[in-house]
file target.cif (mmCIF, C-alpha atoms)
data_coords
#
loop_
_atom_site.label_atom_id
_atom_site.label_comp_id
_atom_site.auth_asym_id
_atom_site.auth_seq_id
_atom_site.Cartn_x
_atom_site.Cartn_y
_atom_site.Cartn_z
CA MET M 1 -17.52 -11.02 -16.28
CA ILE M 2 -15.83 -7.78 -15.29
CA TYR M 3 -17.93 -7.27 -12.12
CA LEU M 4 -16.93 -10.60 -10.64
CA ILE M 5 -13.27 -10.11 -11.59
CA LEU M 6 -13.24 -6.67 -9.95
CA LEU M 7 -14.80 -8.04 -6.77
CA LEU M 8 -12.41 -10.99 -6.56
CA GLU M 9 -9.26 -9.02 -7.39
CA PHE M 10 -10.05 -6.42 -4.76
CA LEU M 11 -10.99 -9.05 -2.20
CA LYS M 12 -7.49 -10.44 -2.73
CA ILE M 13 -5.92 -7.00 -2.42
CA GLY M 14 -7.95 -6.29 0.72
CA LEU M 15 -6.96 -9.61 2.25
CA PHE M 16 -3.23 -9.19 1.70
CA SER M 17 -2.87 -5.51 2.43
CA PHE M 18 -1.07 -5.11 5.72
CA GLY M 19 0.37 -1.82 6.88
CA GLY M 20 -2.22 0.49 5.35
CA GLY M 21 -2.65 2.09 1.95
CA TYR M 22 0.92 2.06 0.69
CA GLY M 23 1.25 -1.67 1.36
CA MET M 24 -1.32 -2.45 -1.30
CA ILE M 25 0.05 -0.28 -4.08
CA SER M 26 2.41 -2.96 -5.40
CA MET M 27 -0.53 -5.39 -5.58
CA MET M 28 -2.81 -2.84 -7.23
CA LYS M 29 -0.08 -2.15 -9.76
CA GLU M 30 0.29 -5.84 -10.61
CA THR M 31 -3.48 -6.25 -10.88
CA VAL M 32 -4.22 -3.28 -13.14
CA LEU M 33 -1.22 -3.96 -15.39
CA SER M 34 -1.88 -7.68 -15.79
CA HIS M 35 -5.55 -7.08 -16.70
CA GLY M 36 -4.59 -4.17 -18.94
CA TRP M 37 -6.98 -1.93 -16.98
CA LEU M 38 -4.61 1.02 -16.67
CA SER M 39 -1.20 2.06 -17.88
CA GLU M 40 1.44 2.74 -15.25
CA ALA M 41 1.11 6.49 -15.94
CA GLN M 42 -2.66 6.37 -15.35
CA LEU M 43 -2.16 4.38 -12.15
CA ILE M 44 0.16 7.08 -10.85
CA ASP M 45 -2.44 9.75 -11.78
CA PHE M 46 -4.95 7.77 -9.73
CA ILE M 47 -2.61 7.52 -6.74
CA GLY M 48 -2.05 11.27 -6.90
CA ILE M 49 -5.81 11.86 -6.87
CA ALA M 50 -6.31 9.31 -4.07
CA GLU M 51 -3.72 11.19 -2.00
CA SER M 52 -5.42 14.52 -2.48
CA THR M 53 -9.01 13.46 -1.73
CA PRO M 54 -10.47 12.56 1.69
CA GLY M 55 -10.59 9.02 3.01
CA PRO M 56 -8.30 5.98 3.03
CA ILE M 57 -6.10 5.64 -0.07
CA ALA M 58 -7.14 2.01 -0.54
CA ILE M 59 -10.82 2.94 -0.77
CA ASN M 60 -10.12 5.81 -3.15
CA MET M 61 -8.03 3.59 -5.41
CA ALA M 62 -10.60 0.77 -5.44
CA THR M 63 -13.43 3.17 -6.29
CA PHE M 64 -11.39 4.86 -9.00
CA ILE M 65 -10.20 1.66 -10.68
CA GLY M 66 -13.71 0.17 -10.36
CA VAL M 67 -15.46 3.11 -11.99
CA SER M 68 -12.86 3.32 -14.75
CA GLN M 69 -13.52 -0.30 -15.72
CA ALA M 70 -17.21 -0.87 -15.06
CA GLY M 71 -19.00 2.29 -14.02
CA VAL M 72 -20.71 2.91 -10.69
CA LEU M 73 -21.49 -0.75 -10.04
CA GLY M 74 -17.89 -1.65 -10.74
CA ALA M 75 -16.77 1.00 -8.26
CA ALA M 76 -19.17 -0.33 -5.63
CA LEU M 77 -17.96 -3.91 -6.07
CA ALA M 78 -14.27 -3.02 -6.04
CA THR M 79 -14.77 -0.94 -2.89
CA LEU M 80 -16.78 -3.72 -1.25
CA GLY M 81 -14.01 -6.16 -2.13
CA VAL M 82 -11.27 -4.08 -0.56
CA VAL M 83 -13.31 -3.41 2.61
CA LEU M 84 -14.79 -6.85 3.30
CA PRO M 85 -11.66 -8.75 4.44
CA SER M 86 -10.78 -6.08 6.96
CA PHE M 87 -14.41 -5.74 8.11
CA ILE M 88 -14.80 -9.48 8.66
CA THR M 89 -11.41 -9.87 10.35
CA ILE M 90 -12.11 -7.11 12.86
CA LEU M 91 -15.61 -8.37 13.52
CA LEU M 92 -14.31 -11.89 14.18
CA LEU M 93 -11.64 -10.50 16.47
CA ALA M 94 -14.15 -8.34 18.32
CA ILE M 95 -16.62 -11.20 18.76
CA ILE M 96 -14.64 -14.36 19.38
CA LEU M 97 -11.00 -14.34 18.62
CA ARG M 98 -9.65 -11.65 20.91
CA ASN M 99 -6.88 -13.87 22.22
CA VAL M 100 -5.66 -14.93 18.81
CA MET M 101 -3.94 -11.58 18.39
CA LYS M 102 -1.70 -12.23 21.35
CA SER M 103 -0.97 -15.88 20.60
CA ARG M 104 2.61 -16.83 19.78
CA PRO M 105 2.04 -18.32 16.30
CA PHE M 106 0.08 -15.25 15.22
CA THR M 107 2.59 -12.68 16.45
CA ALA M 108 5.33 -14.79 14.82
CA ILE M 109 3.54 -14.65 11.46
CA ILE M 110 3.03 -10.89 11.73
CA ALA M 111 6.69 -10.39 12.68
CA GLY M 112 7.55 -12.36 9.55
CA ILE M 113 5.30 -10.32 7.30
CA ARG M 114 6.29 -6.85 8.55
CA PRO M 115 9.72 -6.60 6.85
CA VAL M 116 8.15 -7.92 3.62
CA ILE M 117 5.71 -5.00 3.67
CA VAL M 118 8.52 -2.52 4.32
CA GLY M 119 10.47 -4.08 1.44
CA LEU M 120 7.44 -3.89 -0.86
CA ILE M 121 6.82 -0.23 -0.12
CA VAL M 122 10.48 0.80 -0.46
CA GLY M 123 10.70 -1.26 -3.68
CA THR M 124 7.54 0.29 -5.11
CA GLY M 125 8.85 3.75 -4.22
CA LEU M 126 12.16 3.03 -6.00
CA ILE M 127 10.37 1.68 -9.07
CA PHE M 128 8.23 4.81 -9.28
CA VAL M 129 11.31 7.01 -8.90
CA TYR M 130 13.31 5.40 -11.70
CA SER M 131 10.32 5.11 -14.04
CA LEU M 132 9.68 8.79 -13.34
CA VAL M 133 13.16 9.56 -14.61
CA GLY M 134 12.50 7.53 -17.74
CA LEU M 135 13.69 3.98 -17.07
CA SER M 136 10.78 1.60 -17.66
CA ASP M 137 12.72 -1.62 -18.17
CA LEU M 138 16.29 -2.60 -18.96
CA SER M 139 15.95 -1.96 -22.69
CA THR M 140 13.92 1.26 -22.55
CA PHE M 141 15.44 4.43 -21.16
CA SER M 142 14.53 7.92 -22.26
CA PHE M 143 15.90 10.41 -19.76
CA ASP M 144 13.25 12.81 -18.46
CA TYR M 145 15.32 15.57 -16.87
CA ARG M 146 12.31 17.78 -16.09
CA SER M 147 10.68 15.11 -13.91
CA LEU M 148 14.02 14.57 -12.17
CA ILE M 149 14.28 18.30 -11.40
CA ILE M 150 10.71 18.35 -10.03
CA PHE M 151 11.44 15.28 -7.91
CA LEU M 152 14.58 16.86 -6.47
CA LEU M 153 12.77 20.16 -5.77
CA LEU M 154 9.97 18.30 -3.96
CA ALA M 155 12.49 16.27 -1.97
CA LEU M 156 14.21 19.50 -0.98
CA ILE M 157 10.88 21.00 0.11
CA SER M 158 9.88 17.98 2.16
CA LEU M 159 13.30 17.98 3.86
CA THR M 160 13.36 21.69 4.69
CA PHE M 161 9.65 22.27 5.44
CA PRO M 162 9.63 20.61 8.91
CA ARG M 163 12.70 22.65 9.95
CA ILE M 164 11.18 25.98 8.94
CA PHE M 165 7.57 25.49 10.03
CA LYS M 166 8.17 23.08 12.92
CA LYS M 167 5.52 20.65 11.70
CA LYS M 168 5.26 17.71 9.35
CA LEU M 169 4.64 18.41 5.69
CA ASN M 170 1.08 17.48 4.75
CA PRO M 171 0.94 15.36 1.56
CA LEU M 172 -1.64 17.80 0.20
CA ILE M 173 0.84 20.68 0.33
CA LEU M 174 3.46 18.56 -1.40
CA ILE M 175 0.97 17.71 -4.14
CA ALA M 176 0.04 21.38 -4.50
CA PHE M 177 3.73 22.20 -5.06
CA SER M 178 4.02 19.33 -7.54
CA ILE M 179 1.07 20.64 -9.57
CA PHE M 180 2.71 24.06 -9.70
CA PHE M 181 6.07 22.62 -10.82
CA GLY M 182 4.33 20.33 -13.31
CA ILE M 183 2.61 23.24 -14.99
CA VAL M 184 5.77 25.38 -14.95
CA PHE M 185 7.94 22.67 -16.49
CA PHE M 186 5.56 20.83 -18.79
CA ALA M 187 2.69 23.07 -19.91
CA PHE M 188 4.53 25.51 -22.14
CA MET C 1 -39.35 4.78 22.21
CA LEU C 2 -36.63 2.18 22.64
CA PHE C 3 -36.59 1.72 18.90
CA ASN C 4 -36.14 5.44 18.35
CA CYS C 5 -33.33 5.60 20.85
CA MET C 6 -31.51 2.74 19.13
CA LYS C 7 -32.04 4.31 15.77
CA ASN C 8 -30.59 7.60 16.98
CA LYS C 9 -27.48 5.89 18.32
CA LEU C 10 -26.96 4.17 14.98
CA LEU C 11 -27.45 7.44 13.18
CA GLU C 12 -24.93 9.11 15.48
CA ILE C 13 -22.37 6.39 14.76
CA PHE C 14 -22.98 6.70 11.05
CA LEU C 15 -22.69 10.50 11.03
CA THR C 16 -19.57 10.56 13.19
CA PHE C 17 -17.73 8.17 10.90
CA LEU C 18 -19.11 9.94 7.84
CA LYS C 19 -17.42 13.09 9.14
CA ILE C 20 -14.17 11.21 9.76
CA GLY C 21 -14.31 9.79 6.25
CA ALA C 22 -15.00 13.19 4.71
CA THR C 23 -12.37 15.23 6.54
CA THR C 24 -9.28 13.04 6.72
CA PHE C 25 -6.76 13.28 3.96
CA GLY C 26 -3.79 11.10 3.19
CA GLY C 27 -5.17 7.96 4.80
CA GLY C 28 -3.53 5.71 7.35
CA TYR C 29 -1.73 7.33 10.23
CA ALA C 30 -2.73 10.81 9.15
CA MET C 31 -6.29 9.94 10.18
CA ILE C 32 -5.48 8.95 13.75
CA PRO C 33 -5.51 12.41 15.44
CA LEU C 34 -8.95 13.13 13.97
CA ILE C 35 -10.31 9.73 14.93
CA ARG C 36 -8.99 10.28 18.46
CA HIS C 37 -10.59 13.71 18.63
CA ASP C 38 -14.04 12.42 17.68
CA VAL C 39 -14.18 8.91 19.07
CA VAL C 40 -12.15 9.29 22.27
CA ASP C 41 -12.40 12.97 23.30
CA ASN C 42 -15.85 13.99 22.04
CA LYS C 43 -17.98 10.86 22.17
CA ASN C 44 -16.15 8.82 24.81
CA TRP C 45 -16.86 5.71 22.78
CA LEU C 46 -13.37 4.38 23.39
CA ASN C 47 -10.72 5.28 25.94
CA GLU C 48 -7.14 6.02 24.96
CA GLU C 49 -6.02 2.52 25.91
CA GLU C 50 -8.64 0.87 23.73
CA LEU C 51 -7.71 3.10 20.80
CA MET C 52 -4.06 2.09 21.20
CA GLU C 53 -5.09 -1.56 21.29
CA ILE C 54 -7.14 -1.21 18.10
CA LEU C 55 -4.27 0.55 16.35
CA THR C 56 -1.97 -2.32 17.27
CA ILE C 57 -4.58 -4.77 15.98
CA ALA C 58 -5.04 -2.68 12.84
CA GLU C 59 -1.33 -2.98 12.12
CA SER C 60 -1.51 -6.77 12.12
CA THR C 61 -4.80 -7.20 10.28
CA PRO C 62 -5.44 -6.57 6.61
CA GLY C 63 -7.08 -3.42 5.33
CA PRO C 64 -7.04 0.32 5.88
CA ILE C 65 -6.57 1.46 9.47
CA ALA C 66 -9.61 3.75 9.35
CA ILE C 67 -11.83 0.82 8.36
CA ASN C 68 -10.46 -1.31 11.17
CA VAL C 69 -11.12 1.39 13.77
CA ALA C 70 -14.62 2.10 12.41
CA THR C 71 -15.63 -1.56 12.38
CA TYR C 72 -14.34 -2.17 15.90
CA THR C 73 -15.84 0.98 17.44
CA GLY C 74 -19.19 0.45 15.72
CA TYR C 75 -19.35 -3.13 16.97
CA LYS C 76 -18.44 -2.15 20.52
CA ILE C 77 -21.21 0.42 20.75
CA LYS C 78 -24.03 -1.15 18.80
CA GLY C 79 -23.16 -4.66 17.64
CA ILE C 80 -23.20 -5.80 14.04
CA TRP C 81 -25.38 -2.94 12.79
CA GLY C 82 -23.14 -0.44 14.52
CA SER C 83 -20.09 -1.91 12.79
CA ILE C 84 -21.79 -1.90 9.40
CA LEU C 85 -22.94 1.72 9.69
CA ALA C 86 -19.60 2.94 11.03
CA THR C 87 -17.74 1.25 8.17
CA LEU C 88 -20.22 2.52 5.62
CA GLY C 89 -19.86 6.03 7.05
CA VAL C 90 -16.09 6.01 6.68
CA VAL C 91 -16.25 4.63 3.12
CA LEU C 92 -19.08 6.66 1.55
CA PRO C 93 -17.45 10.13 1.35
CA SER C 94 -14.39 8.68 -0.44
CA PHE C 95 -16.61 6.71 -2.71
CA PHE C 96 -18.73 9.63 -3.91
CA VAL C 97 -15.87 12.13 -4.11
CA ILE C 98 -13.85 9.74 -6.27
CA LEU C 99 -16.87 8.89 -8.39
CA ALA C 100 -17.38 12.60 -9.12
CA ILE C 101 -13.69 13.16 -9.79
CA SER C 102 -13.43 10.17 -12.12
CA PHE C 103 -15.95 11.71 -14.49
CA VAL C 104 -14.15 15.05 -14.43
CA TYR C 105 -10.81 13.27 -14.91
CA GLU C 106 -12.06 11.54 -18.06
CA GLN C 107 -13.14 14.92 -19.46
CA PHE C 108 -9.99 16.85 -18.69
CA LYS C 109 -7.10 14.40 -18.66
CA ASP C 110 -6.05 15.36 -22.18
CA ASN C 111 -6.10 19.09 -21.46
CA GLN C 112 -2.54 20.40 -21.78
CA ILE C 113 -2.45 22.15 -18.40
CA ILE C 114 -4.06 19.23 -16.54
CA ALA C 115 -1.69 16.75 -18.19
CA ALA C 116 1.25 18.96 -17.13
CA ALA C 117 -0.10 19.12 -13.57
CA PHE C 118 -0.23 15.33 -13.50
CA MET C 119 3.39 15.13 -14.68
CA GLY C 120 4.21 17.07 -11.53
CA ILE C 121 1.95 14.93 -9.33
CA LYS C 122 3.78 11.86 -10.60
CA ALA C 123 6.96 13.11 -8.91
CA ALA C 124 5.06 13.82 -5.67
CA VAL C 125 3.57 10.31 -5.65
CA ALA C 126 6.97 8.69 -6.15
CA LEU C 127 8.40 10.79 -3.33
CA LEU C 128 5.48 10.12 -0.96
CA ILE C 129 5.69 6.35 -1.41
CA LEU C 130 9.46 6.28 -1.08
CA THR C 131 9.41 8.39 2.10
CA ALA C 132 6.57 6.29 3.58
CA GLY C 133 8.70 3.20 2.97
CA LEU C 134 11.85 4.76 4.40
CA ARG C 135 9.94 5.98 7.46
CA MET C 136 8.68 2.44 8.07
CA LEU C 137 12.21 1.17 7.58
CA VAL C 138 13.49 3.51 10.30
CA LYS C 139 10.76 2.34 12.69
CA MET C 140 11.17 -1.36 11.86
CA LYS C 141 12.61 -3.59 14.56
CA LYS C 142 16.02 -4.44 13.17
CA ASN C 143 17.55 -7.87 13.43
CA TRP C 144 19.26 -10.10 10.90
CA TYR C 145 15.95 -11.55 9.73
CA SER C 146 14.09 -8.30 9.15
CA ILE C 147 17.04 -6.57 7.46
CA THR C 148 17.81 -9.52 5.15
CA VAL C 149 14.17 -10.02 4.18
CA MET C 150 13.58 -6.31 3.62
CA ILE C 151 16.62 -6.00 1.32
CA LEU C 152 15.77 -9.22 -0.55
CA ILE C 153 12.15 -8.18 -1.11
CA THR C 154 13.09 -4.70 -2.30
CA SER C 155 15.68 -6.04 -4.73
CA ALA C 156 13.37 -8.82 -5.94
CA LEU C 157 10.64 -6.28 -6.66
CA VAL C 158 13.02 -4.00 -8.56
CA ILE C 159 14.61 -6.87 -10.54
CA PHE C 160 11.21 -8.34 -11.48
CA ASP C 161 10.10 -4.91 -12.62
CA LEU C 162 13.20 -4.25 -14.72
CA LEU C 163 13.08 -7.69 -16.35
CA VAL C 164 9.28 -7.43 -16.80
CA VAL C 165 8.72 -10.65 -14.84
CA ASN C 166 5.25 -11.13 -13.35
CA PHE C 167 5.44 -12.31 -9.76
CA SER C 168 2.65 -11.45 -7.36
CA SER C 169 3.48 -9.67 -4.12
CA VAL C 170 0.94 -12.00 -2.52
CA TYR C 171 3.51 -14.81 -2.72
CA LEU C 172 6.16 -12.61 -1.14
CA ILE C 173 3.79 -11.87 1.77
CA LEU C 174 2.98 -15.58 2.15
CA ILE C 175 6.70 -16.43 2.16
CA GLY C 176 7.17 -13.80 4.88
CA ALA C 177 4.32 -15.30 6.92
CA PHE C 178 5.84 -18.78 6.59
CA LEU C 179 9.35 -17.61 7.52
CA GLY C 180 8.00 -15.69 10.51
CA PHE C 181 6.04 -18.69 11.71
CA PHE C 182 9.08 -20.92 11.35
CA LEU C 183 11.74 -18.63 12.77
CA TYR C 184 9.86 -16.96 15.60
CA TYR C 185 7.58 -19.82 16.63
CA LEU C 186 8.73 -23.27 15.53
CA GLU C 187 12.47 -22.73 15.71
CA PRO C 188 12.53 -21.56 19.36
CA LEU C 189 10.08 -24.35 20.21
CA LEU C 190 12.18 -27.08 18.59
CA PHE C 191 15.68 -25.92 19.35
CA ARG C 192 15.37 -23.91 22.54
CA LYS C 193 16.31 -26.88 24.74
CA LYS C 194 19.47 -27.58 22.76
CA LYS C 195 20.57 -23.98 22.95
CA LYS C 196 20.02 -23.84 26.70
CA GLU C 197 22.11 -26.94 27.13
CA GLU C 198 24.85 -25.47 24.98
CA GLU C 199 24.85 -22.29 27.05
CA LYS C 200 25.36 -24.32 30.19
#

call {"tool": "encode", "arguments": {"input": "target.cif", "output": "structure tokens"}}
result
Amino acid sequence: MIYLILLLEFLKIGLFSFGGGYGMISMMKETVLSHGWLSEAQLIDFIGIAESTPGPIAINMATFIGVSQAGVLGAALATLGVVLPSFITILLLAIILRNVMKSRPFTAIIAGIRPVIVGLIVGTGLIFVYSLVGLSDLSTFSFDYRSLIIFLLLALISLTFPRIFKKKLNPLILIAFSIFFGIVFFAF
Amino acid sequence: MLFNCMKNKLLEIFLTFLKIGATTFGGGYAMIPLIRHDVVDNKNWLNEEELMEILTIAESTPGPIAINVATYTGYKIKGIWGSILATLGVVLPSFFVILAISFVYEQFKDNQIIAAAFMGIKAAVALLILTAGLRMLVKMKKNWYSITVMILITSALVIFDLLVVNFSSVYLILIGAFLGFFLYYLEPLLFRKKKKEEEK
């Protein structure tokens, strides 16, 4: 029953996603790969689209994965799943549990989780970088020099942009550059 | 009359968060200035202090920050219905935009130019995630626990990936929760007395 699986998987992702959108990408990756819903390349397409459309990344990803597997209803259930844990938690906190947030055991647990999240995001970033360059696992490596060049160009842009324009580089602008480089290097 | 007034307030909540959902890109912290502009400056639904408190709460509760803020603000102004409509408002624009795009994506993903564009986007995504992680790493409170755990988790994730081992991140988060509970709560509780005596 794909609808139920979508709902449950995204409930789980919603429940364990601390630290915003990027924190849940490693879990989304595990989920879509283990169910065979998407390939890693498709997942990265989806993340790129989620970054360049309005709204929270988590919602965009849930809707996209949901609709790709089970149409509009699938999208609705996946989105509901990813929203519900956070909705219920905040509601409970607002209504009754205000003091829980400041209690010692709770802050201790959060302090314990925080470096895990940082580790997960850095790890996911590294995995995406080396698979971009062509290393998918220890036995498969086909060097993709064009992707490496694009990556280095984008890194250069995101390092120099704040110095020249005195403001932070918007992800949208970075994606616009990446589309341009992608077409230049890969289309012809 | 009273009914109408209540209905209008709910509608106002819904529309405000609909606008936030439709106009914020990039998610997470990128949304905060816009949320502040609407919810704190324009509508006076929250004051700056409350917003700060919610953001702190949002960091330690699951789910997207925008959802957390919407749910809390909606509840504060108009109870359960307020929270439902605010959350719905923030979610709906994403939902419909992505739905529309997904159909277009299916049509055009095999087009040569589009496929090339996505090869470029792939590099941007890798860079965005890596820089988000590194930025969090810079901000992270650094002590022996957080540094050790962060390095261990990153290497575990990479090694599992390279060896094609399936191991859910959920377990890693649960291990972190357990370690935090033990080290920051139980350990000081159990051994604090001993340490004080030793210091004397």

call {"tool": "resolve_selection", "arguments": {"input": "target.cif", "expression": "the PyMOL selection byres ((chain C and resi 113) around 12)", "output": "PyMOL selection string"}}
result
(chain M and resi 179-188) or (chain C and resi 108-112+114-120)

call {"tool": "residues_around", "arguments": {"input": "target.cif", "residues": "M:Asp45", "least_positions_apart": "3", "cutoff": "9 Å", "atoms": "only C-alpha atoms", "output": "count of residues only"}}
result
11

call {"tool": "residues_around", "arguments": {"input": "target.cif", "residues": "stretch 96-108 of chain M", "least_positions_apart": "2", "cutoff": "9 Å", "atoms": "all atoms listed in the file", "output": "VMD selection string"}}
result
(chain M and resid 91 to 94 110 to 113) or (chain C and resid 57 60 177 179 to 186)

call {"tool": "write_last_selection", "arguments": {"input": "target.cif", "atoms": "C-alpha atoms", "output": "CSV table (one decimal), keeping the file's coordinate frame"}}
result
chain,number,residue,atom,x,y,z
M,91,LEU,CA,-15.6,-8.4,13.5
M,92,LEU,CA,-14.3,-11.9,14.2
M,93,LEU,CA,-11.6,-10.5,16.5
M,94,ALA,CA,-14.2,-8.3,18.3
M,110,ILE,CA,3.0,-10.9,11.7
M,111,ALA,CA,6.7,-10.4,12.7
M,112,GLY,CA,7.6,-12.4,9.6
M,113,ILE,CA,5.3,-10.3,7.3
C,57,ILE,CA,-4.6,-4.8,16.0
C,60,SER,CA,-1.5,-6.8,12.1
C,177,ALA,CA,4.3,-15.3,6.9
C,179,LEU,CA,9.4,-17.6,7.5
C,180,GLY,CA,8.0,-15.7,10.5
C,181,PHE,CA,6.0,-18.7,11.7
C,182,PHE,CA,9.1,-20.9,11.4
C,183,LEU,CA,11.7,-18.6,12.8
C,184,TYR,CA,9.9,-17.0,15.6
C,185,TYR,CA,7.6,-19.8,16.6
C,186,LEU,CA,8.7,-23.3,15.5

call {"tool": "closest_residue", "arguments": {"input": "target.cif", "among": "M:Ala75, M:Ala70, M:Leu138, M:Ile2", "to": "C:Phe160", "atoms": "all atoms listed in the file"}}
result
M:Leu138

call {"tool": "atom_distance", "arguments": {"input": "target.cif", "atom1": "atom CA of C:Glu12", "atom2": "atom CA of C:Lys76"}}
result
13.9 Å

call {"tool": "closest_residue", "arguments": {"input": "target.cif", "among": "M:Ser34, M:Gln69, M:Ser86, M:Ser158", "to": "chain C", "atoms": "all atoms listed in the file"}}
result
M:Ser86

call {"tool": "resolve_selection", "arguments": {"input": "target.cif", "expression": "the PyMOL selection byres ((chain M and resi 172) around 10)", "output": "ChimeraX atom specification"}}
result
/M:48,51-53,169-171,173-178 /C:25-26,124

call {"tool": "write_last_selection", "arguments": {"input": "target.cif", "atoms": "C-alpha atoms", "output": "PDB file, keeping the file's coordinate frame"}}
result
ATOM      1  CA  GLY M  48      -2.050  11.270  -6.900  1.00  0.00           C
ATOM      2  CA  GLU M  51      -3.720  11.190  -2.000  1.00  0.00           C
ATOM      3  CA  SER M  52      -5.420  14.520  -2.480  1.00  0.00           C
ATOM      4  CA  THR M  53      -9.010  13.460  -1.730  1.00  0.00           C
ATOM      5  CA  LEU M 169       4.640  18.410   5.690  1.00  0.00           C
ATOM      6  CA  ASN M 170       1.080  17.480   4.750  1.00  0.00           C
ATOM      7  CA  PRO M 171       0.940  15.360   1.560  1.00  0.00           C
ATOM      8  CA  ILE M 173       0.840  20.680   0.330  1.00  0.00           C
ATOM      9  CA  LEU M 174       3.460  18.560  -1.400  1.00  0.00           C
ATOM     10  CA  ILE M 175       0.970  17.710  -4.140  1.00  0.00           C
ATOM     11  CA  ALA M 176       0.040  21.380  -4.500  1.00  0.00           C
ATOM     12  CA  PHE M 177       3.730  22.200  -5.060  1.00  0.00           C
ATOM     13  CA  SER M 178       4.020  19.330  -7.540  1.00  0.00           C
TER      14      SER M 178
ATOM     15  CA  PHE C  25      -6.760  13.280   3.960  1.00  0.00           C
ATOM     16  CA  GLY C  26      -3.790  11.100   3.190  1.00  0.00           C
ATOM     17  CA  ALA C 124       5.060  13.820  -5.670  1.00  0.00           C
TER      18      ALA C 124
END

call {"tool": "atom_distance", "arguments": {"input": "target.cif", "atom1": "atom CA of C:Thr56", "atom2": "atom CA of M:Val116"}}
result
17.9 Å

call {"tool": "closest_residue", "arguments": {"input": "target.cif", "among": "M:Ile65, M:Ile44, M:Gly81, M:Gly125", "to": "M:Gly23", "atoms": "all atoms listed in the file"}}
result
M:Gly125

call {"tool": "atom_distance", "arguments": {"input": "target.cif", "atom1": "atom CA of M:Leu15", "atom2": "atom CA of M:Val82"}}
result
7.6 Å

call {"tool": "build_atoms", "arguments": {"input": "target.cif", "residues": "stretch 36-50 of chain C", "atoms": "N, CA and C atoms", "output": "mmCIF file, in the coordinates of the input"}}
result
data_model
loop_
_atom_site.group_PDB
_atom_site.id
_atom_site.type_symbol
_atom_site.label_atom_id
_atom_site.label_comp_id
_atom_site.auth_asym_id
_atom_site.auth_seq_id
_atom_site.Cartn_x
_atom_site.Cartn_y
_atom_site.Cartn_z
ATOM 1 N N ARG C 36 -9.111 10.133 17.012
ATOM 2 C CA ARG C 36 -8.990 10.280 18.460
ATOM 3 C C ARG C 36 -9.878 11.420 18.956
ATOM 4 N N HIS C 37 -9.806 12.537 18.251
ATOM 5 C CA HIS C 37 -10.590 13.710 18.630
ATOM 6 C C HIS C 37 -12.078 13.385 18.720
ATOM 7 N N ASP C 38 -12.601 12.704 17.700
ATOM 8 C CA ASP C 38 -14.040 12.420 17.680
ATOM 9 C C ASP C 38 -14.426 11.263 18.589
ATOM 10 N N VAL C 39 -13.729 10.145 18.426
ATOM 11 C CA VAL C 39 -14.180 8.910 19.070
ATOM 12 C C VAL C 39 -13.793 8.851 20.545
ATOM 13 N N VAL C 40 -12.607 9.360 20.879
ATOM 14 C CA VAL C 40 -12.150 9.290 22.270
ATOM 15 C C VAL C 40 -12.540 10.554 23.044
ATOM 16 N N ASP C 41 -12.184 11.729 22.536
ATOM 17 C CA ASP C 41 -12.400 12.970 23.300
ATOM 18 C C ASP C 41 -13.863 13.427 23.296
ATOM 19 N N ASN C 42 -14.486 13.448 22.119
ATOM 20 C CA ASN C 42 -15.850 13.990 22.040
ATOM 21 C C ASN C 42 -16.918 13.005 22.501
ATOM 22 N N LYS C 43 -16.867 11.789 21.948
ATOM 23 C CA LYS C 43 -17.980 10.860 22.170
ATOM 24 C C LYS C 43 -17.734 9.891 23.321
ATOM 25 N N ASN C 44 -16.486 9.795 23.755
ATOM 26 C CA ASN C 44 -16.150 8.820 24.810
ATOM 27 C C ASN C 44 -16.564 7.395 24.457
ATOM 28 N N TRP C 45 -16.501 7.059 23.194
ATOM 29 C CA TRP C 45 -16.860 5.710 22.780
ATOM 30 C C TRP C 45 -15.742 4.726 23.112
ATOM 31 N N LEU C 46 -14.527 5.208 23.039
ATOM 32 C CA LEU C 46 -13.370 4.380 23.390
ATOM 33 C C LEU C 46 -12.511 5.201 24.339
ATOM 34 N N ASN C 47 -11.732 4.520 25.210
ATOM 35 C CA ASN C 47 -10.720 5.280 25.940
ATOM 36 C C ASN C 47 -9.385 5.146 25.212
ATOM 37 N N GLU C 48 -8.435 5.943 25.634
ATOM 38 C CA GLU C 48 -7.140 6.020 24.960
ATOM 39 C C GLU C 48 -6.499 4.632 24.824
ATOM 40 N N GLU C 49 -6.621 3.851 25.911
ATOM 41 C CA GLU C 49 -6.020 2.520 25.910
ATOM 42 C C GLU C 49 -6.629 1.620 24.830
ATOM 43 N N GLU C 50 -7.961 1.681 24.743
ATOM 44 C CA GLU C 50 -8.640 0.870 23.730
ATOM 45 C C GLU C 50 -8.228 1.288 22.320
#
